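To keep things clear, I will list the structure first and then write my remarks on it.
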2 protein chains.
Amino acid sequence: VTVEPRVDLITLGVPDLAEARRFYVEGLGWPALLDLGDFVVIQVGHGRALGLFGAEALEADIGAPPPDGAPGLGVTLAQVVESEPAVTAVVEAARAAGARVLKEPQRAFWGGFHGYFADPFGFRWEIAHNASWRVDGEGRVSLGSGE
Amino acid sequence: VTVEPRVDLITLGVPDLAEARRFYVEGLGWPALLDLGDFVVIQVGHGRALGLFGAEALEADIGAPPPDGAPGLGVTLAQVVESEPAVTAVVEAARAAGARVLKEPQRAFWGGFHGYFADPFGFRWEIAHNASWRVDGEGRVSLGSGE
(Lines give C-alpha, C1' and ligand atoms only; values in the text may rest on other atoms or scores of the structure.)
Protein backbone atom coordinates (compact mmCIF):
# COMPACT_ATOMS: atom_id res chain seq x y z
CA VAL A 1 0.00 0.00 0.00
CA THR A 2 1.17 3.46 -0.83
CA VAL A 3 -0.19 6.90 -0.06
CA GLU A 4 -1.71 8.23 -3.26
CA PRO A 5 -0.86 11.79 -4.25
CA ARG A 6 -4.34 13.18 -3.74
CA VAL A 7 -6.11 15.94 -1.81
CA ASP A 8 -9.89 15.66 -1.81
CA LEU A 9 -10.89 18.03 0.95
CA ILE A 10 -9.23 21.13 2.35
CA THR A 11 -10.62 22.01 5.77
CA LEU A 12 -10.28 25.45 7.30
CA GLY A 13 -10.82 25.64 11.04
CA VAL A 14 -12.56 28.99 11.36
CA PRO A 15 -12.98 30.96 14.58
CA ASP A 16 -16.55 31.91 13.65
CA LEU A 17 -18.61 29.70 11.39
CA ALA A 18 -21.38 32.27 10.87
CA GLU A 19 -18.81 34.75 9.65
CA ALA A 20 -17.22 32.13 7.41
CA ARG A 21 -20.62 31.34 5.90
CA ARG A 22 -21.20 35.07 5.42
CA PHE A 23 -17.95 35.49 3.52
CA TYR A 24 -17.77 32.29 1.47
CA VAL A 25 -21.41 31.39 0.89
CA GLU A 26 -23.11 34.78 0.90
CA GLY A 27 -20.22 37.10 0.00
CA LEU A 28 -18.42 35.09 -2.66
CA GLY A 29 -21.63 33.28 -3.56
CA TRP A 30 -20.15 29.80 -3.27
CA PRO A 31 -22.99 27.29 -2.90
CA ALA A 32 -22.82 24.97 0.10
CA LEU A 33 -22.89 21.34 -0.93
CA LEU A 34 -23.69 20.48 2.66
CA ASP A 35 -24.45 22.70 5.64
CA LEU A 36 -24.75 20.87 8.91
CA GLY A 37 -24.74 23.99 11.03
CA ASP A 38 -21.27 23.37 12.43
CA PHE A 39 -19.73 22.15 9.20
CA VAL A 40 -20.10 23.64 5.74
CA VAL A 41 -18.80 21.91 2.62
CA ILE A 42 -18.32 23.74 -0.68
CA GLN A 43 -17.27 22.13 -3.94
CA VAL A 44 -14.14 23.84 -5.26
CA GLY A 45 -13.44 22.01 -8.50
CA HIS A 46 -13.50 18.55 -10.06
CA GLY A 47 -13.82 16.05 -7.22
CA ARG A 48 -12.63 18.43 -4.55
CA ALA A 49 -14.21 20.30 -1.68
CA LEU A 50 -13.49 23.00 0.88
CA GLY A 51 -14.73 22.37 4.40
CA LEU A 52 -15.42 25.12 6.93
CA PHE A 53 -15.36 23.77 10.44
CA GLY A 54 -15.09 25.46 13.83
CA ALA A 55 -11.45 25.96 14.74
CA GLU A 56 -11.82 24.45 18.20
CA ALA A 57 -13.89 21.54 16.89
CA LEU A 58 -11.23 20.81 14.29
CA GLU A 59 -8.45 20.80 16.87
CA ALA A 60 -10.56 18.64 19.18
CA ASP A 61 -11.18 16.22 16.34
CA ILE A 62 -7.46 15.86 15.69
CA GLY A 63 -6.94 15.54 19.43
CA ALA A 64 -3.23 16.37 19.41
CA PRO A 65 -2.46 20.07 19.21
CA PRO A 66 0.39 21.08 16.91
CA PRO A 67 3.58 22.27 18.58
CA ASP A 68 3.83 26.02 19.18
CA GLY A 69 4.79 27.77 16.02
CA ALA A 70 3.94 24.86 13.73
CA PRO A 71 2.67 26.03 10.35
CA GLY A 72 -0.71 25.21 8.92
CA LEU A 73 -2.64 25.90 12.11
CA GLY A 74 -6.32 25.72 11.28
CA VAL A 75 -5.82 23.78 8.08
CA THR A 76 -6.05 20.09 7.27
CA LEU A 77 -5.70 18.38 3.90
CA ALA A 78 -7.77 15.25 3.57
CA GLN A 79 -7.81 12.24 1.39
CA VAL A 80 -10.91 10.11 1.13
CA VAL A 81 -10.19 6.40 0.73
CA GLU A 82 -12.48 3.54 -0.21
CA SER A 83 -12.72 1.57 3.04
CA GLU A 84 -11.86 1.46 6.73
CA PRO A 85 -8.96 -0.96 6.20
CA ALA A 86 -7.63 1.43 3.54
CA VAL A 87 -7.53 4.21 6.16
CA THR A 88 -5.37 2.04 8.40
CA ALA A 89 -3.14 0.91 5.54
CA VAL A 90 -2.58 4.42 4.23
CA VAL A 91 -1.83 5.82 7.70
CA GLU A 92 0.71 2.99 8.17
CA ALA A 93 2.28 3.79 4.81
CA ALA A 94 2.54 7.46 5.81
CA ARG A 95 4.13 6.48 9.13
CA ALA A 96 6.65 4.32 7.27
CA ALA A 97 7.50 7.37 5.14
CA GLY A 98 8.27 9.41 8.25
CA ALA A 99 4.91 10.97 9.12
CA ARG A 100 4.04 11.48 12.78
CA VAL A 101 0.65 9.89 13.44
CA LEU A 102 -1.49 12.28 15.49
CA LYS A 103 -4.64 10.20 15.65
CA GLU A 104 -4.56 6.48 15.13
CA PRO A 105 -7.24 5.24 12.72
CA GLN A 106 -10.56 5.09 14.54
CA ARG A 107 -14.25 5.79 14.29
CA ALA A 108 -14.96 9.47 13.60
CA PHE A 109 -17.68 11.38 15.44
CA TRP A 110 -19.50 11.89 12.11
CA GLY A 111 -19.84 8.16 11.58
CA GLY A 112 -16.91 7.51 9.28
CA PHE A 113 -13.44 6.20 10.06
CA HIS A 114 -10.28 8.26 9.98
CA GLY A 115 -6.80 9.06 11.21
CA TYR A 116 -4.53 12.12 11.15
CA PHE A 117 -0.84 12.50 10.60
CA ALA A 118 1.59 15.40 10.44
CA ASP A 119 4.30 15.92 7.87
CA PRO A 120 7.83 16.71 9.18
CA PHE A 121 6.88 20.37 9.68
CA GLY A 122 3.52 19.86 11.37
CA PHE A 123 1.13 20.28 8.43
CA ARG A 124 -1.77 17.97 9.17
CA TRP A 125 -3.30 15.37 6.84
CA GLU A 126 -6.46 13.38 7.43
CA ILE A 127 -7.08 10.00 5.84
CA ALA A 128 -10.80 9.23 5.95
CA HIS A 129 -13.39 6.78 4.83
CA ASN A 130 -16.77 8.43 4.38
CA ALA A 131 -19.41 6.12 2.98
CA SER A 132 -21.48 9.04 1.72
CA TRP A 133 -18.68 10.76 -0.26
CA ARG A 134 -19.31 10.31 -3.97
CA VAL A 135 -17.66 11.80 -7.03
CA ASP A 136 -19.41 11.22 -10.35
CA GLY A 137 -17.85 11.07 -13.81
CA GLU A 138 -18.09 14.84 -14.18
CA GLY A 139 -16.32 15.38 -10.87
CA ARG A 140 -19.44 16.45 -8.99
CA VAL A 141 -19.08 15.69 -5.30
CA SER A 142 -22.05 14.60 -3.26
CA LEU A 143 -22.23 13.98 0.44
CA GLY A 144 -24.94 12.94 2.79
CA SER A 145 -27.76 10.49 2.94
CA GLY A 146 -30.03 9.92 0.00
CA GLU A 147 -27.46 10.95 -2.56
CA VAL B 1 -17.39 39.10 -12.43
CA THR B 2 -17.62 36.69 -9.57
CA VAL B 3 -15.07 34.61 -7.72
CA GLU B 4 -15.51 31.02 -8.85
CA PRO B 5 -15.59 28.34 -6.17
CA ARG B 6 -12.32 26.73 -7.15
CA VAL B 7 -8.99 25.75 -5.61
CA ASP B 8 -6.34 24.72 -8.15
CA LEU B 9 -3.16 24.84 -6.11
CA ILE B 10 -2.50 24.40 -2.41
CA THR B 11 0.88 25.80 -1.44
CA LEU B 12 2.68 24.81 1.73
CA GLY B 13 5.42 27.14 2.86
CA VAL B 14 7.94 24.70 4.25
CA PRO B 15 10.87 25.57 6.53
CA ASP B 16 13.17 23.18 4.67
CA LEU B 17 12.54 22.32 1.05
CA ALA B 18 15.05 19.46 0.98
CA GLU B 19 13.23 17.84 3.88
CA ALA B 20 9.87 18.44 2.21
CA ARG B 21 11.15 16.79 -0.96
CA ARG B 22 12.46 13.89 1.12
CA PHE B 23 9.07 13.33 2.75
CA TYR B 24 6.67 13.98 -0.11
CA VAL B 25 8.65 12.98 -3.19
CA GLU B 26 10.96 10.28 -1.84
CA GLY B 27 9.06 9.09 1.26
CA LEU B 28 5.50 9.09 0.01
CA GLY B 29 6.66 8.58 -3.57
CA TRP B 30 4.67 11.47 -5.01
CA PRO B 31 6.14 12.40 -8.40
CA ALA B 32 7.12 16.03 -8.87
CA LEU B 33 5.38 17.59 -11.83
CA LEU B 34 7.89 20.40 -11.67
CA ASP B 35 10.98 20.85 -9.52
CA LEU B 36 12.61 24.23 -9.83
CA GLY B 37 14.92 23.74 -6.87
CA ASP B 38 13.09 26.23 -4.68
CA PHE B 39 9.58 25.21 -5.72
CA VAL B 40 8.21 21.72 -6.13
CA VAL B 41 4.79 21.03 -7.65
CA ILE B 42 3.02 17.70 -7.23
CA GLN B 43 -0.26 16.76 -8.89
CA VAL B 44 -2.78 15.73 -6.22
CA GLY B 45 -5.88 14.85 -8.21
CA HIS B 46 -7.89 15.93 -11.25
CA GLY B 47 -6.72 19.41 -12.19
CA ARG B 48 -5.16 20.16 -8.86
CA ALA B 49 -1.68 20.49 -7.47
CA LEU B 50 0.25 20.82 -4.24
CA GLY B 51 3.11 23.29 -4.19
CA LEU B 52 6.04 23.12 -1.78
CA PHE B 53 7.74 26.46 -1.46
CA GLY B 54 10.17 27.86 1.10
CA ALA B 55 8.25 29.35 4.01
CA GLU B 56 10.17 32.63 3.93
CA ALA B 57 9.93 32.90 0.16
CA LEU B 58 6.17 32.37 0.37
CA GLU B 59 5.76 35.09 2.98
CA ALA B 60 8.01 37.41 0.98
CA ASP B 61 5.94 36.73 -2.12
CA ILE B 62 2.73 37.69 -0.30
CA GLY B 63 4.57 40.68 1.11
CA ALA B 64 2.14 41.33 3.96
CA PRO B 65 2.65 39.10 6.97
CA PRO B 66 -0.50 37.76 8.62
CA PRO B 67 -1.38 39.20 12.01
CA ASP B 68 0.02 37.32 15.01
CA GLY B 69 -2.05 34.28 15.73
CA ALA B 70 -3.79 34.26 12.35
CA PRO B 71 -4.58 30.74 11.20
CA GLY B 72 -3.30 29.17 8.04
CA LEU B 73 0.28 30.35 8.47
CA GLY B 74 2.36 28.72 5.79
CA VAL B 75 -0.59 27.84 3.58
CA THR B 76 -2.11 29.52 0.55
CA LEU B 77 -4.97 28.36 -1.61
CA ALA B 78 -4.69 29.45 -5.21
CA GLN B 79 -6.98 29.80 -8.13
CA VAL B 80 -5.58 29.98 -11.64
CA VAL B 81 -7.53 32.28 -13.94
CA GLU B 82 -7.37 32.70 -17.70
CA SER B 83 -5.84 36.15 -18.09
CA GLU B 84 -4.23 39.11 -16.33
CA PRO B 85 -7.42 41.19 -16.44
CA ALA B 86 -9.23 38.23 -14.87
CA VAL B 87 -6.82 38.34 -11.93
CA THR B 88 -7.69 41.99 -11.34
CA ALA B 89 -11.41 41.41 -11.77
CA VAL B 90 -11.48 38.43 -9.42
CA VAL B 91 -9.45 40.22 -6.75
CA GLU B 92 -11.89 43.16 -7.01
CA ALA B 93 -14.84 40.80 -6.66
CA ALA B 94 -13.25 39.26 -3.56
CA ARG B 95 -12.64 42.73 -2.11
CA ALA B 96 -16.30 43.60 -2.74
CA ALA B 97 -17.26 40.45 -0.82
CA GLY B 98 -15.24 41.59 2.18
CA ALA B 99 -11.80 40.14 1.53
CA ARG B 100 -8.75 42.10 2.63
CA VAL B 101 -6.39 42.49 -0.32
CA LEU B 102 -2.82 41.73 0.77
CA LYS B 103 -1.12 42.16 -2.58
CA GLU B 104 -2.70 44.18 -5.33
CA PRO B 105 -2.64 42.41 -8.71
CA GLN B 106 0.81 42.72 -10.22
CA ARG B 107 3.55 40.94 -12.09
CA ALA B 108 4.80 37.88 -10.18
CA PHE B 109 8.50 37.09 -9.86
CA TRP B 110 7.93 33.85 -11.79
CA GLY B 111 6.65 35.74 -14.81
CA GLY B 112 2.92 35.45 -14.29
CA PHE B 113 0.49 37.94 -12.79
CA HIS B 114 -1.17 37.59 -9.41
CA GLY B 115 -2.69 39.05 -6.28
CA TYR B 116 -3.36 37.81 -2.76
CA PHE B 117 -6.25 38.38 -0.40
CA ALA B 118 -7.16 37.20 3.08
CA ASP B 119 -10.53 35.92 4.20
CA PRO B 120 -12.00 37.46 7.38
CA PHE B 121 -9.84 35.20 9.57
CA GLY B 122 -6.56 35.63 7.74
CA PHE B 123 -6.49 32.53 5.53
CA ARG B 124 -4.69 33.59 2.36
CA TRP B 125 -5.86 33.11 -1.23
CA GLU B 126 -3.87 33.76 -4.37
CA ILE B 127 -5.47 34.59 -7.70
CA ALA B 128 -2.97 33.97 -10.48
CA HIS B 129 -2.60 33.89 -14.20
CA ASN B 130 0.09 31.46 -15.29
CA ALA B 131 0.39 31.08 -19.03
CA SER B 132 2.04 27.69 -18.68
CA TRP B 133 -0.63 26.11 -16.45
CA ARG B 134 -2.62 23.58 -18.48
CA VAL B 135 -5.21 21.00 -17.48
CA ASP B 136 -6.17 18.49 -20.15
CA GLY B 137 -9.46 16.63 -20.52
CA GLU B 138 -8.32 13.90 -18.13
CA GLY B 139 -7.39 16.45 -15.49
CA ARG B 140 -3.65 16.11 -16.01
CA VAL B 141 -1.87 19.28 -15.00
CA SER B 142 1.17 20.48 -16.89
CA LEU B 143 3.38 23.42 -16.13
CA GLY B 144 6.43 24.86 -17.70
CA SER B 145 7.75 25.63 -21.12
CA GLY B 146 7.30 23.22 -23.95
CA GLU B 147 4.29 21.51 -22.47
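Every chain in the C-alpha coordinates takes a letter, A first, then B, and so on in the order presented; its residues are numbered from 1, and the ligands are numbered from 1 following the presented order.
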Backbone DSSP call of strand (DSSP E) for segment 51-119 of chain A, listed as a ChimeraX atom specification: /A:51-54,75-80,100-107,113-118
Per DSSP on the backbone, what are the alpha helix (DSSP H) residues of chain A, as a PDB file with N, CA and C atoms, in the first residue's frame?
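The resulting file, out17.pdb, is reproduced below:
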ATOM      1  N   LEU A  17     -18.027  30.332  12.560  1.00  0.00           N
ATOM      2  CA  LEU A  17     -18.614  29.697  11.387  1.00  0.00           C
ATOM      3  C   LEU A  17     -19.657  30.582  10.703  1.00  0.00           C
ATOM      4  N   ALA A  18     -20.376  31.372  11.481  1.00  0.00           N
ATOM      5  CA  ALA A  18     -21.378  32.266  10.872  1.00  0.00           C
ATOM      6  C   ALA A  18     -20.680  33.284   9.978  1.00  0.00           C
ATOM      7  N   GLU A  19     -19.534  33.781  10.452  1.00  0.00           N
ATOM      8  CA  GLU A  19     -18.808  34.754   9.649  1.00  0.00           C
ATOM      9  C   GLU A  19     -18.212  34.087   8.404  1.00  0.00           C
ATOM     10  N   ALA A  20     -17.756  32.865   8.560  1.00  0.00           N
ATOM     11  CA  ALA A  20     -17.216  32.129   7.414  1.00  0.00           C
ATOM     12  C   ALA A  20     -18.306  31.914   6.364  1.00  0.00           C
ATOM     13  N   ALA A  55     -12.874  26.161  14.460  1.00  0.00           N
ATOM     14  CA  ALA A  55     -11.445  25.958  14.735  1.00  0.00           C
ATOM     15  C   ALA A  55     -11.230  25.045  15.944  1.00  0.00           C
ATOM     16  N   GLU A  56     -12.004  25.276  16.995  1.00  0.00           N
ATOM     17  CA  GLU A  56     -11.821  24.446  18.199  1.00  0.00           C
ATOM     18  C   GLU A  56     -12.278  23.016  17.949  1.00  0.00           C
ATOM     19  N   ALA A  57     -13.380  22.889  17.203  1.00  0.00           N
ATOM     20  CA  ALA A  57     -13.890  21.543  16.892  1.00  0.00           C
ATOM     21  C   ALA A  57     -12.878  20.773  16.053  1.00  0.00           C
ATOM     22  N   LEU A  58     -12.237  21.477  15.127  1.00  0.00           N
ATOM     23  CA  LEU A  58     -11.233  20.808  14.293  1.00  0.00           C
ATOM     24  C   LEU A  58     -10.058  20.329  15.142  1.00  0.00           C
ATOM     25  N   GLU A  59      -9.574  21.208  16.017  1.00  0.00           N
ATOM     26  CA  GLU A  59      -8.447  20.800  16.868  1.00  0.00           C
ATOM     27  C   GLU A  59      -8.847  19.649  17.793  1.00  0.00           C
ATOM     28  N   ALA A  60     -10.083  19.717  18.308  1.00  0.00           N
ATOM     29  CA  ALA A  60     -10.557  18.637  19.185  1.00  0.00           C
ATOM     30  C   ALA A  60     -10.648  17.326  18.413  1.00  0.00           C
ATOM     31  N   ASP A  61     -11.045  17.429  17.150  1.00  0.00           N
ATOM     32  CA  ASP A  61     -11.180  16.222  16.338  1.00  0.00           C
ATOM     33  C   ASP A  61      -9.818  15.574  16.096  1.00  0.00           C
ATOM     34  N   ILE A  62      -8.806  16.398  15.879  1.00  0.00           N
ATOM     35  CA  ILE A  62      -7.458  15.864  15.687  1.00  0.00           C
ATOM     36  C   ILE A  62      -6.960  15.298  17.026  1.00  0.00           C
ATOM     37  N   GLU A  84     -12.515   1.280   5.440  1.00  0.00           N
ATOM     38  CA  GLU A  84     -11.859   1.457   6.734  1.00  0.00           C
ATOM     39  C   GLU A  84     -10.462   0.823   6.751  1.00  0.00           C
ATOM     40  N   PRO A  85     -10.314  -0.404   6.223  1.00  0.00           N
ATOM     41  CA  PRO A  85      -8.956  -0.961   6.196  1.00  0.00           C
ATOM     42  C   PRO A  85      -7.983  -0.098   5.377  1.00  0.00           C
ATOM     43  N   ALA A  86      -8.513   0.559   4.344  1.00  0.00           N
ATOM     44  CA  ALA A  86      -7.632   1.432   3.542  1.00  0.00           C
ATOM     45  C   ALA A  86      -7.139   2.605   4.376  1.00  0.00           C
ATOM     46  N   VAL A  87      -7.977   3.122   5.273  1.00  0.00           N
ATOM     47  CA  VAL A  87      -7.528   4.209   6.159  1.00  0.00           C
ATOM     48  C   VAL A  87      -6.317   3.732   6.956  1.00  0.00           C
ATOM     49  N   THR A  88      -6.452   2.571   7.562  1.00  0.00           N
ATOM     50  CA  THR A  88      -5.370   2.036   8.398  1.00  0.00           C
ATOM     51  C   THR A  88      -4.113   1.793   7.571  1.00  0.00           C
ATOM     52  N   ALA A  89      -4.298   1.215   6.391  1.00  0.00           N
ATOM     53  CA  ALA A  89      -3.143   0.906   5.544  1.00  0.00           C
ATOM     54  C   ALA A  89      -2.437   2.176   5.079  1.00  0.00           C
ATOM     55  N   VAL A  90      -3.191   3.184   4.731  1.00  0.00           N
ATOM     56  CA  VAL A  90      -2.581   4.425   4.232  1.00  0.00           C
ATOM     57  C   VAL A  90      -1.880   5.167   5.372  1.00  0.00           C
ATOM     58  N   VAL A  91      -2.494   5.167   6.549  1.00  0.00           N
ATOM     59  CA  VAL A  91      -1.832   5.817   7.695  1.00  0.00           C
ATOM     60  C   VAL A  91      -0.526   5.080   8.019  1.00  0.00           C
ATOM     61  N   GLU A  92      -0.539   3.751   7.928  1.00  0.00           N
ATOM     62  CA  GLU A  92       0.707   2.990   8.168  1.00  0.00           C
ATOM     63  C   GLU A  92       1.764   3.332   7.127  1.00  0.00           C
ATOM     64  N   ALA A  93       1.332   3.462   5.876  1.00  0.00           N
ATOM     65  CA  ALA A  93       2.284   3.794   4.806  1.00  0.00           C
ATOM     66  C   ALA A  93       2.878   5.182   5.035  1.00  0.00           C
ATOM     67  N   ALA A  94       2.043   6.109   5.519  1.00  0.00           N
ATOM     68  CA  ALA A  94       2.543   7.457   5.811  1.00  0.00           C
ATOM     69  C   ALA A  94       3.543   7.406   6.962  1.00  0.00           C
ATOM     70  N   ARG A  95       3.209   6.613   7.981  1.00  0.00           N
ATOM     71  CA  ARG A  95       4.126   6.480   9.127  1.00  0.00           C
ATOM     72  C   ARG A  95       5.469   5.921   8.651  1.00  0.00           C
ATOM     73  N   ALA A  96       5.408   4.920   7.781  1.00  0.00           N
ATOM     74  CA  ALA A  96       6.647   4.315   7.270  1.00  0.00           C
ATOM     75  C   ALA A  96       7.479   5.336   6.492  1.00  0.00           C
TER      76      ALA A  96
END
Could you please select, counting only C-alpha atoms, the residues of chain B within 9 Å of chain A and state them as JSON, numbers by chain? {"B": [2, 3, 4, 5, 6, 7, 8, 10, 12, 13, 14, 15, 16, 19, 20, 23, 24, 26, 27, 28, 29, 30, 31, 42, 43, 44, 45, 46, 47, 48, 49, 50, 70, 71, 72, 73, 74, 75, 93, 94, 96, 97, 98, 99, 119, 120, 121, 123, 139]}
Just the number, please: distance in Å from atom CA of Phe53 of chain A to atom CA of Glu138 of chain A, one decimal.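 Separation between atom CA of Phe53 of chain A and atom CA of Glu138 of chain A: 26.3 Å.
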